[in-house]
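Peer 1: Hey, dropping protein_23.txt in here, compact mmCIF, C-alpha atoms and all ligand atoms:
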```
# COMPACT_ATOMS: atom_id res chain seq x y z
CA MET A 1 -31.63 -34.61 35.15
CA LEU A 2 -33.09 -38.11 35.71
CA ALA A 3 -36.72 -37.61 34.68
CA ASN A 4 -38.39 -40.81 33.37
CA THR A 5 -35.62 -43.06 34.68
CA THR A 6 -35.65 -45.97 37.15
CA PHE A 7 -32.64 -47.36 39.01
CA LEU A 8 -32.08 -50.51 41.01
CA ILE A 9 -30.49 -49.71 44.38
CA THR A 10 -28.91 -52.59 46.29
CA GLY A 11 -27.14 -52.43 49.64
CA ILE A 12 -29.44 -50.37 51.82
CA SER A 13 -29.48 -51.53 55.45
CA ASP A 14 -30.65 -48.33 57.08
CA LYS A 15 -30.69 -44.53 56.75
CA GLN A 16 -26.91 -44.34 57.05
CA SER A 17 -26.14 -46.74 54.20
CA LEU A 18 -24.21 -45.11 51.36
CA ALA A 19 -26.80 -46.48 48.92
CA MET A 20 -29.53 -44.55 50.75
CA TYR A 21 -27.81 -41.23 49.99
CA VAL A 22 -27.63 -42.20 46.32
CA ALA A 23 -31.30 -43.25 46.23
CA LYS A 24 -32.37 -39.94 47.79
CA GLU A 25 -30.38 -37.93 45.25
CA ILE A 26 -31.84 -39.93 42.33
CA ILE A 27 -35.35 -39.11 43.55
CA LYS A 28 -34.38 -35.46 44.01
CA GLN A 29 -33.23 -35.42 40.37
CA GLY A 30 -36.58 -36.77 39.19
CA GLY A 31 -35.79 -40.50 38.94
CA LYS A 32 -37.41 -43.52 40.59
CA VAL A 33 -35.75 -46.27 42.61
CA ILE A 34 -36.42 -49.92 43.34
CA CYS A 35 -34.58 -50.95 46.49
CA THR A 36 -33.45 -54.42 47.52
CA GLY A 37 -32.47 -55.62 50.96
CA LEU A 38 -31.38 -58.81 52.64
CA GLY A 39 -34.24 -60.83 54.10
CA VAL A 40 -35.66 -64.35 54.28
CA SER A 41 -36.57 -65.49 50.76
CA PRO A 42 -38.24 -68.71 49.59
CA TYR A 43 -34.79 -69.73 48.32
CA HIS A 44 -33.13 -69.82 51.73
CA THR A 45 -32.90 -73.37 53.01
CA ASN A 46 -31.65 -74.77 56.33
CA LEU A 47 -31.50 -71.36 57.98
CA SER A 48 -30.49 -71.48 61.63
CA GLU A 49 -32.75 -69.67 64.13
CA LYS A 50 -30.03 -67.04 64.50
CA ALA A 51 -29.69 -66.47 60.76
CA ARG A 52 -33.48 -66.31 60.28
CA GLY A 53 -33.74 -63.78 63.11
CA PHE A 54 -30.95 -61.66 61.64
CA LEU A 55 -32.45 -61.64 58.13
CA THR A 56 -35.97 -60.91 59.40
CA LYS A 57 -34.79 -57.94 61.46
CA ASN A 58 -32.57 -56.72 58.62
CA PHE A 59 -35.47 -56.65 56.17
CA LYS A 60 -37.78 -54.92 58.66
CA ASP A 61 -35.19 -52.18 59.34
CA PHE A 62 -34.47 -51.83 55.62
CA LYS A 63 -38.16 -51.51 54.72
CA GLU A 64 -38.86 -48.97 57.45
CA SER A 65 -35.83 -46.87 56.46
CA VAL A 66 -36.82 -46.91 52.77
CA HIS A 67 -40.37 -45.85 53.55
CA GLN A 68 -39.21 -43.07 55.87
CA GLU A 69 -36.56 -41.72 53.52
CA LEU A 70 -37.82 -42.64 50.05
CA GLY A 71 -41.61 -42.61 50.38
CA ASP A 72 -43.44 -45.28 48.43
CA SER A 73 -40.40 -46.59 46.52
CA ALA A 74 -40.67 -50.32 45.76
CA VAL A 75 -38.78 -52.79 47.96
CA ALA A 76 -37.82 -56.44 47.45
CA ILE A 77 -35.78 -59.14 49.12
CA LEU A 78 -32.54 -59.97 47.33
CA ASP A 79 -29.72 -62.21 48.52
CA VAL A 80 -27.11 -62.05 45.78
CA THR A 81 -25.54 -65.36 46.77
CA LEU A 82 -28.71 -67.24 45.78
CA GLU A 83 -28.95 -67.36 41.97
CA GLU A 84 -32.59 -68.54 42.16
CA ASN A 85 -33.40 -65.44 44.18
CA VAL A 86 -31.71 -63.15 41.66
CA ASP A 87 -33.39 -64.96 38.75
CA ALA A 88 -36.87 -64.74 40.34
CA PHE A 89 -36.34 -61.09 41.25
CA ALA A 90 -35.37 -60.12 37.69
CA LYS A 91 -38.22 -62.21 36.26
CA GLY A 92 -40.64 -60.44 38.62
CA LEU A 93 -39.44 -57.04 37.40
CA ALA A 94 -39.94 -58.15 33.78
CA ALA A 95 -43.47 -59.34 34.60
CA LYS A 96 -44.23 -55.84 35.87
CA ASN A 97 -42.69 -54.40 32.70
CA VAL A 98 -40.00 -52.56 34.67
CA LYS A 99 -37.29 -50.98 32.51
CA LEU A 100 -34.11 -50.12 34.39
CA ASN A 101 -31.76 -47.31 33.41
CA GLY A 102 -29.10 -48.40 35.83
CA VAL A 103 -27.97 -50.34 38.87
CA LEU A 104 -26.10 -49.39 42.02
CA HIS A 105 -24.11 -52.27 43.49
CA ALA A 106 -23.39 -51.35 47.14
CA ILE A 107 -22.89 -54.80 48.62
CA ALA A 108 -20.00 -56.15 50.65
CA MET A 109 -19.49 -58.77 53.33
CA ASP A 110 -16.39 -60.20 54.98
CA LYS A 111 -16.78 -62.53 57.94
CA THR A 112 -13.04 -62.38 58.64
CA ILE A 113 -13.57 -58.93 60.15
CA ARG A 114 -15.12 -59.19 63.63
CA ASN A 115 -15.36 -56.46 66.25
CA LYS A 116 -13.06 -54.33 64.08
CA GLN A 117 -10.42 -57.08 64.20
CA VAL A 118 -9.14 -58.19 60.79
CA LYS A 119 -7.85 -61.76 60.32
CA PRO A 120 -4.38 -62.03 58.80
CA LEU A 121 -4.63 -63.36 55.24
CA LEU A 122 -2.72 -66.53 56.14
CA GLU A 123 -5.53 -67.49 58.53
CA VAL A 124 -8.39 -66.88 56.07
CA THR A 125 -10.05 -70.17 55.07
CA LYS A 126 -10.91 -71.00 51.47
CA GLU A 127 -14.61 -70.81 52.39
CA GLU A 128 -14.22 -67.35 53.95
CA PHE A 129 -12.25 -66.16 50.94
CA CYS A 130 -14.78 -67.49 48.40
CA ASP A 131 -17.80 -66.21 50.38
CA THR A 132 -16.34 -62.70 50.46
CA ILE A 133 -15.61 -62.74 46.73
CA ASP A 134 -19.07 -64.17 45.99
CA VAL A 135 -21.00 -61.51 47.91
CA SER A 136 -18.76 -58.52 47.29
CA ALA A 137 -17.55 -59.02 43.70
CA TYR A 138 -19.08 -61.89 41.74
CA SER A 139 -22.54 -60.54 42.60
CA LEU A 140 -21.95 -57.67 40.15
CA ILE A 141 -21.98 -60.33 37.42
CA THR A 142 -24.91 -62.30 38.85
CA ILE A 143 -27.24 -59.33 39.19
CA ASN A 144 -26.60 -58.02 35.70
CA ARG A 145 -26.76 -61.48 34.11
CA TYR A 146 -30.37 -61.91 35.21
CA LEU A 147 -31.42 -58.31 34.56
CA LEU A 148 -30.18 -58.77 31.00
CA LYS A 149 -31.64 -62.28 30.66
CA TYR A 150 -35.13 -60.85 31.22
CA LYS A 151 -34.40 -57.64 29.28
CA VAL A 152 -35.03 -55.50 32.35
CA LEU A 153 -31.79 -53.55 31.98
CA GLN A 154 -32.06 -51.18 29.05
CA GLU A 155 -29.62 -50.46 26.23
CA GLY A 156 -27.44 -47.53 27.32
CA ALA A 157 -27.96 -48.21 31.04
CA SER A 158 -25.34 -47.24 33.64
CA ILE A 159 -24.01 -49.62 36.30
CA CYS A 160 -21.99 -48.36 39.25
CA SER A 161 -20.41 -50.10 42.24
CA LEU A 162 -18.58 -49.01 45.38
CA SER A 163 -14.94 -49.83 45.96
CA TYR A 164 -12.12 -48.74 48.23
CA ILE A 165 -8.48 -47.67 47.78
CA ALA A 166 -7.43 -50.92 49.50
CA ALA A 167 -8.21 -52.70 46.21
CA ALA A 168 -4.90 -51.31 44.93
CA LYS A 169 -2.78 -50.30 47.95
CA VAL A 170 -2.06 -51.64 51.39
CA THR A 171 -3.78 -49.10 53.62
CA PHE A 172 -2.59 -47.77 56.97
CA HIS A 173 -5.30 -49.88 58.64
CA PRO A 174 -5.60 -53.62 57.90
CA TYR A 175 -8.27 -54.63 55.40
CA ARG A 176 -6.82 -57.93 54.04
CA ASN A 177 -9.44 -60.38 52.71
CA ILE A 178 -12.02 -57.83 51.55
CA SER A 179 -9.32 -55.86 49.70
CA ILE A 180 -8.91 -58.84 47.36
CA ALA A 181 -12.67 -58.89 46.73
CA LYS A 182 -12.54 -55.15 45.97
CA ALA A 183 -9.70 -55.79 43.50
CA ALA A 184 -11.88 -58.45 41.86
CA LEU A 185 -14.83 -56.05 41.79
CA GLU A 186 -12.70 -53.45 40.01
CA ARG A 187 -11.42 -55.96 37.45
CA ILE A 188 -14.98 -57.22 36.86
CA THR A 189 -15.98 -53.58 36.28
CA ILE A 190 -13.39 -53.24 33.53
CA GLU A 191 -14.20 -56.54 31.82
CA LEU A 192 -17.96 -55.91 31.98
CA ALA A 193 -17.46 -52.38 30.67
CA ASP A 194 -15.90 -53.87 27.56
CA GLU A 195 -18.42 -56.71 27.18
CA LEU A 196 -21.60 -54.79 27.93
CA GLY A 197 -20.47 -51.60 26.20
CA ARG A 198 -20.07 -53.48 22.93
CA SER A 199 -23.14 -55.69 23.30
CA HIS A 200 -25.67 -53.27 24.85
CA GLY A 201 -24.10 -49.80 25.03
CA ILE A 202 -24.13 -50.25 28.82
CA ARG A 203 -21.62 -48.34 30.96
CA VAL A 204 -19.91 -49.91 33.99
CA ASN A 205 -17.92 -47.87 36.51
CA THR A 206 -16.80 -48.14 40.12
CA ILE A 207 -15.99 -45.53 42.75
CA ARG A 208 -13.44 -45.72 45.53
CA PHE A 209 -14.90 -43.83 48.46
CA SER A 210 -13.37 -42.43 51.69
CA PRO A 211 -13.60 -44.43 54.91
CA TYR A 212 -17.02 -43.80 56.47
CA MET A 213 -18.14 -45.10 59.87
CA GLY A 214 -21.82 -44.10 59.61
CA SER A 215 -22.92 -47.35 57.96
CA LYS A 216 -23.12 -50.81 59.50
CA ALA A 217 -20.30 -52.13 57.28
CA GLY A 218 -18.10 -49.09 57.96
CA ASN A 219 -18.74 -49.19 61.68
CA ALA A 220 -17.94 -52.90 61.85
CA THR A 221 -14.62 -52.39 60.07
CA LEU A 222 -13.14 -49.02 60.98
CA HIS A 223 -11.82 -47.34 64.12
CA GLU A 224 -12.41 -43.62 64.67
CA LYS A 225 -8.64 -43.07 64.41
CA ASP A 226 -8.62 -44.59 60.88
CA VAL A 227 -11.19 -42.07 59.69
CA GLN A 228 -9.24 -39.23 61.34
CA THR A 229 -5.95 -40.33 59.77
CA SER A 230 -7.52 -40.46 56.32
CA ASP A 231 -9.16 -37.09 56.94
CA LYS A 232 -5.76 -35.55 57.69
CA MET A 233 -4.08 -37.20 54.69
CA SER A 234 -6.76 -36.14 52.20
CA PRO A 235 -6.17 -32.68 50.67
CA LEU A 236 -9.91 -31.94 50.77
CA LYS A 237 -10.56 -34.06 53.90
CA ASN A 238 -12.66 -37.23 53.68
CA ALA A 239 -15.46 -37.11 51.13
CA LYS A 240 -19.01 -37.24 52.50
CA PRO A 241 -21.80 -39.63 51.44
CA GLN A 242 -23.50 -36.73 49.66
CA ASP A 243 -20.36 -36.19 47.51
CA LEU A 244 -20.63 -39.83 46.48
CA ALA A 245 -24.33 -39.43 45.68
CA TYR A 246 -23.60 -36.46 43.39
CA GLU A 247 -20.93 -38.42 41.49
CA ILE A 248 -23.07 -41.52 41.04
CA VAL A 249 -26.03 -39.48 39.86
CA HIS A 250 -23.65 -37.87 37.39
CA LEU A 251 -22.54 -41.31 36.12
CA PHE A 252 -26.21 -42.32 35.90
CA ARG A 253 -26.95 -39.48 33.45
CA PRO A 254 -28.25 -41.03 30.24
CA ASP A 255 -26.07 -38.95 27.90
CA LEU A 256 -22.53 -39.78 29.10
CA SER A 257 -19.81 -41.71 27.32
CA ILE A 258 -17.83 -42.78 30.39
CA THR A 259 -17.14 -46.43 31.11
CA GLY A 260 -14.57 -48.77 32.66
CA GLU A 261 -13.53 -46.07 35.14
CA ILE A 262 -12.23 -46.63 38.65
CA ARG A 263 -12.99 -43.22 40.10
CA HIS A 264 -12.10 -41.66 43.42
CA VAL A 265 -14.50 -39.73 45.59
CA ASP A 266 -12.10 -39.51 48.50
CA GLY A 267 -11.06 -35.88 48.98
CA GLY A 268 -7.82 -36.67 47.12
CA TYR A 269 -6.61 -39.36 49.54
CA HIS A 270 -5.39 -41.50 46.61
CA ILE A 271 -2.69 -39.00 45.59
CA THR A 272 -1.07 -39.14 49.03
CA GLY A 273 0.80 -41.82 50.96
N1 LIG A 301 -18.22 -47.48 54.72
C1 LIG A 301 -17.06 -47.29 54.10
O1 LIG A 301 -16.08 -46.83 54.69
C2 LIG A 301 -16.94 -47.63 52.64
C3 LIG A 301 -15.87 -47.06 51.90
C4 LIG A 301 -15.74 -47.40 50.55
C5 LIG A 301 -16.62 -48.31 49.98
N2 LIG A 301 -17.63 -48.85 50.74
C6 LIG A 301 -18.53 -49.83 50.09
O2 LIG A 301 -19.83 -49.28 50.00
C7 LIG A 301 -20.76 -50.36 49.90
C8 LIG A 301 -21.91 -50.09 50.86
O3 LIG A 301 -21.42 -50.15 52.18
P1 LIG A 301 -21.94 -49.21 53.36
O4 LIG A 301 -20.73 -48.60 53.98
O5 LIG A 301 -23.04 -48.34 52.90
O6 LIG A 301 -22.48 -50.27 54.43
P2 LIG A 301 -23.89 -51.00 54.62
O7 LIG A 301 -23.69 -51.98 55.73
O8 LIG A 301 -24.97 -50.00 54.78
O9 LIG A 301 -24.10 -51.76 53.22
C9 LIG A 301 -23.60 -53.06 52.92
C10 LIG A 301 -24.77 -53.80 52.33
O10 LIG A 301 -24.41 -55.09 51.81
C11 LIG A 301 -25.57 -55.89 51.94
N3 LIG A 301 -25.29 -57.32 51.77
C12 LIG A 301 -24.41 -58.09 52.44
N4 LIG A 301 -24.51 -59.38 52.02
C13 LIG A 301 -25.48 -59.40 51.04
C14 LIG A 301 -26.06 -60.42 50.24
N5 LIG A 301 -25.66 -61.71 50.34
N6 LIG A 301 -27.04 -60.09 49.35
C15 LIG A 301 -27.45 -58.80 49.24
N7 LIG A 301 -26.96 -57.79 49.99
C16 LIG A 301 -25.98 -58.09 50.89
C17 LIG A 301 -26.03 -55.57 53.36
O11 LIG A 301 -27.37 -56.00 53.58
C18 LIG A 301 -25.88 -54.06 53.38
O12 LIG A 301 -27.08 -53.43 52.98
C19 LIG A 301 -19.98 -51.64 50.15
O13 LIG A 301 -19.61 -52.21 48.92
C20 LIG A 301 -18.73 -51.11 50.86
O14 LIG A 301 -17.61 -51.97 50.75
C21 LIG A 301 -17.82 -48.52 52.04
```
Mind turning the file's structure into structure tokens?
Ligand SMILES: NC(=O)c1ccc[n+]([C@@H]2O[C@H](COP(=O)([O-])OP(=O)(O)OC[C@H]3O[C@@H](n4cnc5c(N)ncnc54)[C@H](O)[C@@H]3O)[C@@H](O)[C@H]2O)c1
Peer 2:
Amino acid sequence: MLANTTFLITGISDKQSLAMYVAKEIIKQGGKVICTGLGVSPYHTNLSEKARGFLTKNFKDFKESVHQELGDSAVAILDVTLEENVDAFAKGLAAKNVKLNGVLHAIAMDKTIRNKQVKPLLEVTKEEFCDTIDVSAYSLITINRYLLKYKVLQEGASICSLSYIAAAKVTFHPYRNISIAKAALERITIELADELGRSHGIRVNTIRFSPYMGSKAGNATLHEKDVQTSDKMSPLKNAKPQDLAYEIVHLFRPDLSITGEIRHVDGGYHITG
């Protein structure tokens, strides 16, 4: 289904990352992937020892996981908050004559969630709020701006991101600050779908997925009881990462006319509660 196609996959930390399931399915369907992970780039300045250590370990784990699961797929460092990094990355792809058929945005960060404790919105600082929006929502614009600037992203490409029901509804478990970033991500999806559809025939969609504790982000946010509650409330039980991979690969098909969608791969959770 995806022969002669190449996709950019962001947001892999390790084997359990949702983006890893998508990358594996793309390869299974005959496509290629280029994977990006967080690491120390030449554009990071004034990094503390702790931050440098974290980024170095993150990139090592990311690279090992990609090589174990995805063979010789290309890897690169990409911190979406550093425009120079995104610019240089896209320029580097252009220099190698890479043509992308699509992008998976699977990036989120919210420092107001610590040890599964979520800060009430009234206590969230402006810096925490803006950082969360920057990483988790605005980055969808940044990445695609530079991919288009260097003509790496092809006409008719498909862009997909990962959202959560909390973008629209207060959930039974607190999710405060990041839910606003997810709402922004969804609105950006719709606006970009209109802009890029008209200018480049590019499709832009997002998928709200079930709560999943297997990944680092999911494990840092959710309690086991949250996943169980959602499982009980969902007519088909919680969706699995592989269900998500099938849907994204479907949206990545070159011959579809679907854009501006906020889809649910959540076992039907969204029709309840
Ligand atoms: N786990 C869930 O329950 C769940 C449910 C619905 C949607 N999602 C969304 O799926 C996406 C992937 O999450 P996941 O659950 O696979 O967790 P994950 O921890 O594997 O992935 C999150 C990724 O974001 C990356 N990231 C953070 N800051 C970054 C930055 N500045 N630059 C580049 N990358 C950065 C991390 O390195 C990591 O790879 C996220 O958008 C998340 O909100 C997750």
Peer 1: List all protein, DNA and RNA residues that have an atom no more than 6 Å from any atom of ligand LIG 301 (chain A), counting only C-alpha atoms and all ligand atoms, and report them as a PyMOL selection string.
Peer 2: chain A and resi 11-13+17-19+37-38+78-81+106-109+135+162-164+208-213+215-218
Peer 1: Those residues you just picked out, can you put them in a file as a compact mmCIF listing (two decimals), in the frame of the given file with C-alpha atoms?
Peer 2:
```
# COMPACT_ATOMS: atom_id res chain seq x y z
CA GLY A 11 -27.14 -52.43 49.64
CA ILE A 12 -29.44 -50.37 51.82
CA SER A 13 -29.48 -51.53 55.45
CA SER A 17 -26.14 -46.74 54.20
CA LEU A 18 -24.21 -45.11 51.36
CA ALA A 19 -26.80 -46.48 48.92
CA GLY A 37 -32.47 -55.62 50.96
CA LEU A 38 -31.38 -58.81 52.64
CA LEU A 78 -32.54 -59.97 47.33
CA ASP A 79 -29.72 -62.21 48.52
CA VAL A 80 -27.11 -62.05 45.78
CA THR A 81 -25.54 -65.36 46.77
CA ALA A 106 -23.39 -51.35 47.14
CA ILE A 107 -22.89 -54.80 48.62
CA ALA A 108 -20.00 -56.15 50.65
CA MET A 109 -19.49 -58.77 53.33
CA VAL A 135 -21.00 -61.51 47.91
CA LEU A 162 -18.58 -49.01 45.38
CA SER A 163 -14.94 -49.83 45.96
CA TYR A 164 -12.12 -48.74 48.23
CA ARG A 208 -13.44 -45.72 45.53
CA PHE A 209 -14.90 -43.83 48.46
CA SER A 210 -13.37 -42.43 51.69
CA PRO A 211 -13.60 -44.43 54.91
CA TYR A 212 -17.02 -43.80 56.47
CA MET A 213 -18.14 -45.10 59.87
CA SER A 215 -22.92 -47.35 57.96
CA LYS A 216 -23.12 -50.81 59.50
CA ALA A 217 -20.30 -52.13 57.28
CA GLY A 218 -18.10 -49.09 57.96
```
Peer 1: Between CA of Thr10 in chain A and CA of Val75 in chain A, what is the spacing in Å?
Peer 2: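 Separation of CA of Val75 in chain A and CA of Thr10 in chain A: 10.0 Å.
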Peer 1: Pick the closest to Lys169 in chain A from A:Ile271, A:Leu47, A:Leu2, A:Ile188: which is it, counting all atoms listed in the file?
Peer 2: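 Of A:Ile271, A:Leu47, A:Leu2, A:Ile188, the one nearest Lys169 in chain A, counting all atoms listed in the file, is A:Ile271.
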Peer 1: To one decimal place, how far is CA of Arg253 in chain A from CA of Ile34 in chain A in Å?
Peer 2: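 Atom-to-atom, CA of Arg253 in chain A to CA of Ile34 in chain A, that is 17.2 Å.
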Peer 1: Quote the spacing between CA of Leu100 in chain A and CA of Gln29 in chain A in Å to one decimal place.
Peer 2: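 Taking CA of Leu100 in chain A and CA of Gln29 in chain A, their separation equals 15.9 Å.
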Peer 1: For a cutoff of 9 Å around the file-coordinate point (-18.4, -64.1, 58.1), which residues qualify once you count all atoms listed in the file? I'd like the result as a ChimeraX atom specification.
Peer 2: /A:109-114,128,131-132
Peer 1: Determine the nearest neighbour of Arg176 in chain A from the options A:Thr206, A:Gln117, A:Ser161, A:Ser230, counting all atoms listed in the file.
Peer 2: A:Gln117
Peer 1: Can you pull out every residue within 12 Å of Leu93 in chain A, counting only C-alpha atoms, but drop anything in the same chain fewer than 4 positions away, and send it as a list in words?
Peer 2: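 The residues satisfying every condition are Thr6, Phe7, Leu8, Ile34, Cys35, Ala74, Val75, Ala76, Val86, Asp87, Ala88, Phe89, Asn97, Val98, Lys99, Leu100, Tyr146, Leu147, Leu148, Lys149, Tyr150, Lys151, Val152 and Leu153 of chain A.
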Peer 1: Pick out the closest residue to Glu84 in chain A from this set: A:Ile262, A:Leu236, A:Ile143, A:Ala193. Count only C-alpha atoms.
Peer 2: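 Comparing A:Ile262, A:Leu236, A:Ile143, A:Ala193 against Glu84 in chain A, the winner is A:Ile143.
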Peer 1: Residues within 10 Å of Arg187 in chain A, please, as a PyMOL selection string. Count all atoms listed in the file; anything in the same chain fewer than 2 positions from it doesn't count.
Peer 2: chain A and resi 137+167+181-185+189-193+206+260+262
Peer 1: With only C-alpha atoms as the counted atoms, please give the residues lying no more than 10 Å from Tyr175 in chain A, apart from itself and same-chain residues fewer than 2 positions off, as a compact mmCIF listing (two decimals) with C-alpha atoms, in the frame of the given file.
Peer 2:
```
# COMPACT_ATOMS: atom_id res chain seq x y z
CA ASP A 110 -16.39 -60.20 54.98
CA THR A 112 -13.04 -62.38 58.64
CA ILE A 113 -13.57 -58.93 60.15
CA LYS A 116 -13.06 -54.33 64.08
CA GLN A 117 -10.42 -57.08 64.20
CA VAL A 118 -9.14 -58.19 60.79
CA LYS A 119 -7.85 -61.76 60.32
CA PRO A 120 -4.38 -62.03 58.80
CA LEU A 121 -4.63 -63.36 55.24
CA ALA A 166 -7.43 -50.92 49.50
CA ALA A 167 -8.21 -52.70 46.21
CA VAL A 170 -2.06 -51.64 51.39
CA THR A 171 -3.78 -49.10 53.62
CA PHE A 172 -2.59 -47.77 56.97
CA HIS A 173 -5.30 -49.88 58.64
CA ASN A 177 -9.44 -60.38 52.71
CA ILE A 178 -12.02 -57.83 51.55
CA SER A 179 -9.32 -55.86 49.70
CA ILE A 180 -8.91 -58.84 47.36
CA THR A 221 -14.62 -52.39 60.07
CA LEU A 222 -13.14 -49.02 60.98
```
Peer 1: From the options A:Pro241, A:His250, A:Gly201, A:Glu186, which residue's atoms come nearest to Gly214 in chain A, counting all atoms listed in the file?
Peer 2: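 Result for the nearest residue to Gly214 in chain A: A:Pro241.
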Peer 1: Restore all heavy atoms in range 18-25 of chain A and list the result as a compact mmCIF listing (two decimals), in the coordinates of the input.
Peer 2:
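rebuild_36.txt was written with the following content:
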```txt
# COMPACT_ATOMS: atom_id res chain seq x y z
N LEU A 18 -24.62 -45.99 52.46
CA LEU A 18 -24.21 -45.11 51.36
C LEU A 18 -25.24 -45.16 50.23
O LEU A 18 -25.56 -44.14 49.62
CB LEU A 18 -22.83 -45.55 50.84
CG LEU A 18 -21.68 -45.31 51.84
CD1 LEU A 18 -20.40 -45.98 51.35
CD2 LEU A 18 -21.46 -43.82 52.07
N ALA A 19 -25.81 -46.34 50.00
CA ALA A 19 -26.80 -46.48 48.92
C ALA A 19 -28.04 -45.62 49.18
O ALA A 19 -28.69 -45.18 48.22
CB ALA A 19 -27.20 -47.95 48.78
N MET A 20 -28.35 -45.37 50.44
CA MET A 20 -29.53 -44.55 50.75
C MET A 20 -29.32 -43.11 50.27
O MET A 20 -30.24 -42.48 49.74
CB MET A 20 -29.80 -44.56 52.26
CG MET A 20 -31.00 -43.77 52.67
SD MET A 20 -32.54 -44.48 52.03
CE MET A 20 -33.05 -45.50 53.40
N TYR A 21 -28.11 -42.60 50.44
CA TYR A 21 -27.81 -41.23 49.99
C TYR A 21 -27.97 -41.14 48.46
O TYR A 21 -28.46 -40.14 47.94
CB TYR A 21 -26.38 -40.83 50.38
CG TYR A 21 -26.22 -40.55 51.86
CD1 TYR A 21 -26.02 -41.56 52.78
CD2 TYR A 21 -26.29 -39.24 52.34
CE1 TYR A 21 -25.88 -41.31 54.13
CE2 TYR A 21 -26.15 -38.97 53.70
CZ TYR A 21 -25.95 -40.01 54.58
OH TYR A 21 -25.81 -39.75 55.92
N VAL A 22 -27.54 -42.19 47.78
CA VAL A 22 -27.63 -42.20 46.32
C VAL A 22 -29.10 -42.25 45.91
O VAL A 22 -29.54 -41.50 45.03
CB VAL A 22 -26.86 -43.41 45.73
CG1 VAL A 22 -26.99 -43.45 44.22
CG2 VAL A 22 -25.39 -43.36 46.15
N ALA A 23 -29.87 -43.12 46.56
CA ALA A 23 -31.30 -43.25 46.23
C ALA A 23 -32.02 -41.92 46.42
O ALA A 23 -32.81 -41.50 45.57
CB ALA A 23 -31.93 -44.34 47.10
N LYS A 24 -31.70 -41.24 47.52
CA LYS A 24 -32.37 -39.94 47.79
C LYS A 24 -32.05 -38.92 46.69
O LYS A 24 -32.91 -38.18 46.25
CB LYS A 24 -31.90 -39.39 49.15
CG LYS A 24 -32.70 -39.96 50.31
CD LYS A 24 -32.66 -39.05 51.51
CE LYS A 24 -31.49 -39.38 52.38
NZ LYS A 24 -31.51 -38.75 53.69
N GLU A 25 -30.79 -38.91 46.26
CA GLU A 25 -30.38 -37.93 45.25
C GLU A 25 -31.03 -38.26 43.89
O GLU A 25 -31.40 -37.34 43.15
CB GLU A 25 -28.85 -37.91 45.14
CG GLU A 25 -28.27 -36.78 44.32
CD GLU A 25 -28.67 -35.37 44.78
OE1 GLU A 25 -28.88 -35.16 45.99
OE2 GLU A 25 -28.79 -34.50 43.90
```
